[in-house]
Structure formats: structure tokens, C-alpha cells
$ cat my_file.cif   # mmCIF, C-alpha atoms
data_target
loop_
_atom_site.label_atom_id
_atom_site.label_comp_id
_atom_site.auth_asym_id
_atom_site.auth_seq_id
_atom_site.Cartn_x
_atom_site.Cartn_y
_atom_site.Cartn_z
CA MET A 1 -11.19 -2.58 -4.72
CA ALA A 2 -9.13 0.11 -3.02
CA PHE A 3 -5.39 -0.15 -2.79
CA PRO A 4 -4.28 -1.13 0.74
CA GLN A 5 -3.23 1.92 2.76
CA GLU A 6 -0.63 -0.05 4.76
CA VAL A 7 1.56 -0.16 1.64
CA LEU A 8 1.94 3.62 1.71
CA ALA A 9 4.47 5.52 3.82
CA GLU A 10 3.37 7.90 6.61
CA GLU A 11 3.10 11.15 4.65
CA GLU A 12 2.52 9.54 1.27
CA GLU A 13 -0.85 10.18 -0.36
CA LEU A 14 -2.66 7.99 -2.87
CA VAL A 15 -3.27 10.10 -5.98
CA LEU A 16 -4.48 7.61 -8.59
CA HIS A 17 -5.29 3.90 -8.55
CA LEU A 18 -5.87 2.20 -11.91
CA ARG A 19 -6.19 -1.20 -13.49
CA PRO A 20 -5.38 -1.95 -17.11
CA HIS A 21 -8.10 -0.73 -19.49
CA TRP A 22 -11.17 -2.94 -19.81
CA LYS A 23 -10.34 -3.49 -23.49
CA SER A 24 -7.66 -5.90 -22.23
CA ALA A 25 -10.47 -8.17 -21.01
CA ILE A 26 -12.36 -8.31 -24.32
CA ARG A 27 -10.32 -11.05 -26.01
CA PRO A 28 -10.17 -13.37 -22.95
CA GLY A 29 -13.90 -12.84 -22.39
CA LEU A 30 -14.65 -13.75 -26.01
CA ILE A 31 -12.51 -16.88 -25.72
CA VAL A 32 -14.45 -18.03 -22.64
CA ALA A 33 -17.74 -17.36 -24.44
CA LEU A 34 -16.52 -19.21 -27.54
CA ALA A 35 -15.47 -22.22 -25.45
CA VAL A 36 -18.93 -22.35 -23.86
CA VAL A 37 -20.67 -22.03 -27.25
CA VAL A 38 -18.54 -24.76 -28.89
CA SER A 39 -19.13 -27.10 -25.95
CA THR A 40 -22.89 -26.44 -26.11
CA VAL A 41 -23.01 -27.00 -29.87
CA ALA A 42 -21.07 -30.26 -29.47
CA TRP A 43 -23.50 -31.41 -26.76
CA VAL A 44 -26.53 -30.62 -28.92
CA MET A 45 -25.17 -31.85 -32.27
CA LEU A 46 -23.42 -35.07 -31.29
CA PRO A 47 -25.52 -38.22 -31.04
CA THR A 48 -26.50 -39.59 -27.64
CA ASN A 49 -24.74 -42.92 -28.12
CA GLU A 50 -21.41 -43.88 -26.59
CA GLY A 51 -19.35 -42.42 -29.48
CA GLY A 52 -21.21 -39.12 -29.18
CA ARG A 53 -20.51 -38.96 -25.45
CA ILE A 54 -16.82 -39.67 -26.02
CA GLY A 55 -16.72 -37.02 -28.77
CA PHE A 56 -18.45 -34.52 -26.48
CA GLY A 57 -15.99 -35.36 -23.67
CA VAL A 58 -13.02 -34.71 -25.97
CA VAL A 59 -14.48 -31.42 -27.24
CA ALA A 60 -15.42 -30.33 -23.71
CA LEU A 61 -11.90 -31.07 -22.38
CA ILE A 62 -10.27 -29.17 -25.22
CA MET A 63 -12.62 -26.20 -24.73
CA LEU A 64 -12.11 -26.31 -20.97
CA TYR A 65 -8.34 -26.16 -21.45
CA GLN A 66 -8.56 -23.36 -24.04
CA GLY A 67 -11.09 -21.42 -21.97
CA VAL A 68 -9.01 -21.60 -18.79
CA ARG A 69 -5.62 -21.04 -20.43
CA TYR A 70 -6.51 -18.25 -22.84
CA GLY A 71 -9.64 -16.87 -21.19
CA VAL A 72 -9.91 -17.21 -17.44
CA THR A 73 -6.18 -16.89 -16.63
CA PRO A 74 -5.73 -13.54 -18.47
CA LEU A 75 -8.96 -12.24 -16.92
CA VAL A 76 -7.75 -13.04 -13.42
CA LYS A 77 -4.34 -11.48 -14.14
CA TRP A 78 -6.08 -8.36 -15.49
CA ARG A 79 -8.20 -8.14 -12.36
CA CYS A 80 -5.15 -8.50 -10.06
CA THR A 81 -2.97 -5.86 -11.77
CA HIS A 82 -2.76 -2.44 -10.11
CA TYR A 83 -1.13 0.80 -11.28
CA VAL A 84 -0.84 3.28 -8.42
CA LEU A 85 0.47 6.84 -8.45
CA THR A 86 1.22 8.39 -5.09
CA SER A 87 2.75 11.67 -4.06
CA GLU A 88 6.14 9.91 -3.72
CA ARG A 89 6.32 7.01 -6.19
CA ILE A 90 4.79 4.80 -8.86
CA LEU A 91 3.68 1.36 -7.67
CA LEU A 92 2.99 -1.60 -9.92
CA GLN A 93 1.48 -4.68 -8.35
CA ASP A 94 0.46 -7.84 -10.11
CA GLY A 95 0.14 -11.53 -9.46
CA VAL A 96 -2.64 -13.88 -8.51
CA ILE A 97 -1.11 -16.19 -5.94
CA ALA A 98 2.40 -14.81 -5.64
CA ARG A 99 2.43 -11.02 -5.78
CA GLU A 100 5.13 -8.85 -7.26
CA ARG A 101 5.27 -5.14 -6.49
CA ARG A 102 7.67 -2.66 -8.09
CA ASP A 103 8.23 0.82 -6.74
CA LEU A 104 9.72 3.67 -8.71
CA PRO A 105 10.37 6.87 -6.74
CA LEU A 106 9.26 10.01 -8.57
CA ASN A 107 12.59 11.71 -7.93
CA ARG A 108 14.31 9.08 -10.10
CA VAL A 109 12.07 9.52 -13.17
CA ASN A 110 13.91 10.84 -16.23
CA ASP A 111 11.36 10.44 -18.98
CA HIS A 112 7.81 9.22 -19.60
CA VAL A 113 6.33 8.43 -22.99
CA VAL A 114 2.81 7.43 -24.07
CA ASN A 115 2.41 5.15 -27.09
CA GLN A 116 -1.04 4.76 -28.61
CA SER A 117 -2.14 2.60 -31.51
CA VAL A 118 -5.23 3.49 -33.51
CA LEU A 119 -7.30 1.12 -31.36
CA ASP A 120 -5.80 2.65 -28.21
CA ARG A 121 -6.82 6.12 -29.42
CA VAL A 122 -10.39 4.90 -30.01
CA PHE A 123 -10.59 3.54 -26.45
CA GLY A 124 -8.58 6.37 -24.89
CA SER A 125 -5.93 4.03 -23.55
CA GLY A 126 -2.22 3.66 -24.20
CA THR A 127 1.08 2.29 -22.99
CA LEU A 128 3.01 4.51 -20.61
CA LYS A 129 6.76 3.89 -20.48
CA VAL A 130 8.56 5.50 -17.56
CA ASP A 131 12.38 5.62 -17.67
CA SER A 132 14.38 6.34 -14.56
CA ILE A 133 17.92 7.00 -13.47
CA GLY A 134 19.96 3.88 -14.04
CA GLU A 135 18.71 0.91 -16.01
CA GLN A 136 15.28 0.72 -14.39
CA ALA A 137 12.20 1.29 -16.56
CA VAL A 138 8.52 0.67 -15.94
CA LEU A 139 5.97 -0.24 -18.59
CA LEU A 140 2.31 0.39 -17.78
CA ALA A 141 0.34 -1.43 -20.48
CA ALA A 142 -3.23 -0.51 -21.46
CA VAL A 143 -3.48 2.49 -19.15
CA PRO A 144 -6.95 4.06 -19.25
CA ARG A 145 -6.92 7.81 -20.08
CA ALA A 146 -3.21 7.49 -20.85
CA GLN A 147 -2.61 11.10 -21.81
CA SER A 148 -4.28 12.38 -18.63
CA VAL A 149 -2.23 9.96 -16.56
CA GLN A 150 0.95 11.18 -18.24
CA THR A 151 0.02 14.80 -17.47
CA LEU A 152 -0.76 13.90 -13.85
CA LEU A 153 2.56 12.06 -13.60
CA TYR A 154 4.38 15.15 -14.87
CA GLU A 155 2.61 17.29 -12.26
CA LEU A 156 3.50 14.83 -9.49
CA ILE A 157 7.16 14.82 -10.54
CA GLU A 158 7.25 18.62 -10.50
CA GLN A 159 5.56 18.75 -7.07
CA ASP A 160 8.06 16.20 -5.76
CA ARG A 161 10.95 18.31 -7.05
CA LEU A 162 9.52 21.38 -5.31
CA ARG A 163 9.09 19.45 -2.04
CA HIS A 164 12.60 17.98 -2.15
CA PRO A 165 14.91 20.56 -3.76
CA GLU A 166 17.95 19.01 -2.06
CA ASP A 167 17.64 15.98 -4.36
CA GLU A 168 18.25 18.22 -7.38
CA GLU A 169 21.52 19.57 -6.04
CA GLU A 170 24.05 17.06 -7.16
CA GLU A 171 27.60 17.38 -6.08
CA GLU A 172 29.35 18.91 -9.03
CA GLU A 173 32.87 17.83 -9.75
CA PRO A 174 35.13 20.78 -9.05
CA GLU A 175 36.88 21.99 -12.17
CA LEU A 176 40.60 21.51 -12.00
CA PRO A 177 42.79 24.54 -12.58
CA VAL A 178 44.24 24.78 -16.07
CA GLN A 179 47.74 23.73 -15.10
CA GLN A 180 46.53 20.56 -13.32
CA ARG A 181 44.56 19.12 -16.22
CA ARG A 182 45.85 15.89 -17.59
CA GLY A 183 45.48 14.31 -20.95
CA LEU A 184 45.96 15.27 -24.57
CA PHE A 185 44.40 18.70 -24.33
CA ARG A 186 46.18 20.15 -21.33
CA ARG A 187 47.32 23.72 -21.49
CA GLN A 188 50.74 24.85 -20.63
CA ALA A 189 50.99 27.39 -17.81
CA LYS A 190 52.25 30.73 -19.13
CA ASN A 191 55.12 32.38 -17.28
#

$ encode --input "my_file.cif" --output "C-alpha cells"
Amino acid sequence: MAFPQEVLAEEEELVLHLRPHWKSAIRPGLIVALAVVVSTVAWVMLPTNEGGRIGFGVVALIMLYQGVRYGVTPLVKWRCTHYVLTSERILLQDGVIARERRDLPLNRVNDHVVNQSVLDRVFGSGTLKVDSIGEQAVLLAAVPRAQSVQTLLYELIEQDRLRHPEDEEEEEEPELPVQQRRGLFRRQAKN
């Protein structure tokens, strides 16, 4: 599913659209499969009398709850999570019914770090933490090809700085002349 173009600004270009790595769907998928297997075994193994039907109903309800809560819900959340890199910003969108979207302009990014566990290295995924000016930080969990995404992010930040050099020029505080300094370390004007 492509990311909707109406979310992007006029001259903004979509560079990369990702979802969390498919390894994030393994555990919920196994839980759904386990719930189906346990329900099937209970149906086959329990007697066909009234007690067996009640026992099967209890097992089926428990497995239905576990399968939906720990299997289907995380799978749907995984499917509805988007990581988008554009020429201007980083977009994170998630949510099934109510959507939440966070934008982080590239010109505000201070630092980006990739963390990979041993399992992440096997799958080629990782967690990308992007720190920005102020207290805002973004955590992209289970990013596929995490190191490549980090390199691409670095390139996008550098391109953004080249496109908007005026953002780099911060107003520097003018240095006060020596005689006007205040505080413990002021110098005395020589006559």
C-alpha cells in the first residue's frame, strides 16, 4: 500500500516508505496458529457429551481471547504502521481506527543511532533512534535494512542542509566588549 500523496507538501518528494520488519509479525502469527491448534485439539479430544461441549466452549473462548489479544491485534497494528522518509521530514503513522502521525523535519535532526541485537543482525533489521533539537525524539522500531536507512537519512539531512543554508545561520550573540562584561571574571579596563 502506497503512502497517500496528499500528506506531502507541494515540493516534497517521497524517498522511502517502510513498515516494521516482518519479523515483528512472527510471534503474533505463531500465537494465532497456536490458538487454532489448541482449539482443534480440544474439539477432537474432548468427548461429545454435554461436559465435553462445555469444556470445548471454555477452551475455545480462552483461545479466541488469547488469539485476538496477543495475535490478531499486534498483526493489525504492524500492518497499519508506516515509516516514511521524504526530502523534507520523517513521518511516522500508526493506528488502526484512530490514526496518529508524527512529523520530524530533517533540519531539526541532531543525531540518529541504530541499535541491533544479535537477532536483529541476523534479520538485517534494527531500531533507529532519531534525536532532534529540543526534547523531541523518534523511535523507529524493527526497521528493515536499518543501516541502509540510517545512511539514507544522513544523506537526506545533508541534502536538506544544502538546500536550506539559511537554517544553519543562527544569530550569534554579539560578544560584549571587555569592559562591559559582568560577573566574577570581568576584566578591568586599563588606562

$ resolve_selection --input "my_file.cif" --expression "the PyMOL selection byres ((chain A and resi 90) around 8)" --output "ChimeraX atom specification"
/A:83-86,88-89,91-92,103-106

$ resolve_selection --input "my_file.cif" --expression "the PyMOL selection byres ((chain A and resi 136) around 12)" --output "list in words"
Arg102, Asp103, Leu104, Pro105, Arg108, Val109, Asn110, Asp111, Lys129, Val130, Asp131, Ser132, Ile133, Gly134, Glu135, Ala137, Val138 and Leu139 of chain A

$ write_last_selection --input "my_file.cif" --atoms "C-alpha atoms" --output "compact mmCIF listing (two decimals), in the frame of the given file"
# COMPACT_ATOMS: atom_id res chain seq x y z
CA ARG A 102 7.67 -2.66 -8.09
CA ASP A 103 8.23 0.82 -6.74
CA LEU A 104 9.72 3.67 -8.71
CA PRO A 105 10.37 6.87 -6.74
CA ARG A 108 14.31 9.08 -10.10
CA VAL A 109 12.07 9.52 -13.17
CA ASN A 110 13.91 10.84 -16.23
CA ASP A 111 11.36 10.44 -18.98
CA LYS A 129 6.76 3.89 -20.48
CA VAL A 130 8.56 5.50 -17.56
CA ASP A 131 12.38 5.62 -17.67
CA SER A 132 14.38 6.34 -14.56
CA ILE A 133 17.92 7.00 -13.47
CA GLY A 134 19.96 3.88 -14.04
CA GLU A 135 18.71 0.91 -16.01
CA ALA A 137 12.20 1.29 -16.56
CA VAL A 138 8.52 0.67 -15.94
CA LEU A 139 5.97 -0.24 -18.59

$ axis_aligned_box --input "my_file.cif" --around "range 152-161 of chain A" --padding-each-side "8 Å" --output "lines of an AutoDock Vina configuration file"
center_x = 5.1
center_y = 15.4
center_z = -10.3
size_x = 27.7
size_y = 22.7
size_z = 25.1

$ atom_distance --input "my_file.cif" --atom1 "CA of Trp22 in chain A" --atom2 "CA of Val96 in chain A"
17.9 Å

$ closest_residue --input "my_file.cif" --among "A:Val113, A:Thr73, A:His164, A:Cys80" --to "Gly29 in chain A" --atoms "all atoms listed in the file"
A:Thr73

$ resolve_selection --input "my_file.cif" --expression "the PyMOL selection byres ((chain A and resi 149) around 12)" --output "number ranges by chain"
A: 15-18, 83-85, 90, 112-114, 124-130, 140, 142-148, 150-156

$ closest_residue --input "my_file.cif" --among "A:Ile31, A:Val36, A:Lys77, A:Val118" --to "Ala98 in chain A" --atoms "only C-alpha atoms"
A:Lys77

$ build_atoms --input "my_file.cif" --residues "range 96-108 of chain A" --atoms "N, CA and C atoms" --output "mmCIF file, keeping the file's coordinate frame"
data_model
loop_
_atom_site.group_PDB
_atom_site.id
_atom_site.type_symbol
_atom_site.label_atom_id
_atom_site.label_comp_id
_atom_site.auth_asym_id
_atom_site.auth_seq_id
_atom_site.Cartn_x
_atom_site.Cartn_y
_atom_site.Cartn_z
ATOM 1 N N VAL A 96 -1.420 -13.276 -9.034
ATOM 2 C CA VAL A 96 -2.640 -13.880 -8.510
ATOM 3 C C VAL A 96 -2.351 -14.542 -7.178
ATOM 4 N N ILE A 97 -1.457 -15.485 -7.178
ATOM 5 C CA ILE A 97 -1.110 -16.190 -5.940
ATOM 6 C C ILE A 97 0.125 -15.560 -5.315
ATOM 7 N N ALA A 98 1.187 -15.491 -6.092
ATOM 8 C CA ALA A 98 2.400 -14.810 -5.640
ATOM 9 C C ALA A 98 2.369 -13.401 -6.205
ATOM 10 N N ARG A 99 2.515 -12.414 -5.350
ATOM 11 C CA ARG A 99 2.430 -11.020 -5.780
ATOM 12 C C ARG A 99 3.818 -10.440 -6.013
ATOM 13 N N GLU A 100 3.913 -9.594 -7.011
ATOM 14 C CA GLU A 100 5.130 -8.850 -7.260
ATOM 15 C C GLU A 100 4.767 -7.367 -7.273
ATOM 16 N N ARG A 101 5.523 -6.577 -6.523
ATOM 17 C CA ARG A 101 5.270 -5.140 -6.490
ATOM 18 C C ARG A 101 6.574 -4.418 -6.786
ATOM 19 N N ARG A 102 6.506 -3.486 -7.735
ATOM 20 C CA ARG A 102 7.670 -2.660 -8.090
ATOM 21 C C ARG A 102 7.369 -1.233 -7.698
ATOM 22 N N ASP A 103 8.348 -0.588 -7.117
ATOM 23 C CA ASP A 103 8.230 0.820 -6.740
ATOM 24 C C ASP A 103 9.247 1.614 -7.535
ATOM 25 N N LEU A 104 8.828 2.756 -8.018
ATOM 26 C CA LEU A 104 9.720 3.670 -8.710
ATOM 27 C C LEU A 104 9.529 5.052 -8.110
ATOM 28 N N PRO A 105 10.504 5.534 -7.339
ATOM 29 C CA PRO A 105 10.370 6.870 -6.740
ATOM 30 C C PRO A 105 10.288 7.946 -7.828
ATOM 31 N N LEU A 106 9.448 8.938 -7.585
ATOM 32 C CA LEU A 106 9.260 10.010 -8.570
ATOM 33 C C LEU A 106 10.522 10.813 -8.804
ATOM 34 N N ASN A 107 11.378 10.910 -7.768
ATOM 35 C CA ASN A 107 12.590 11.710 -7.930
ATOM 36 C C ASN A 107 13.631 11.022 -8.818
ATOM 37 N N ARG A 108 13.381 9.795 -9.224
ATOM 38 C CA ARG A 108 14.310 9.080 -10.100
ATOM 39 C C ARG A 108 13.807 9.005 -11.545
#
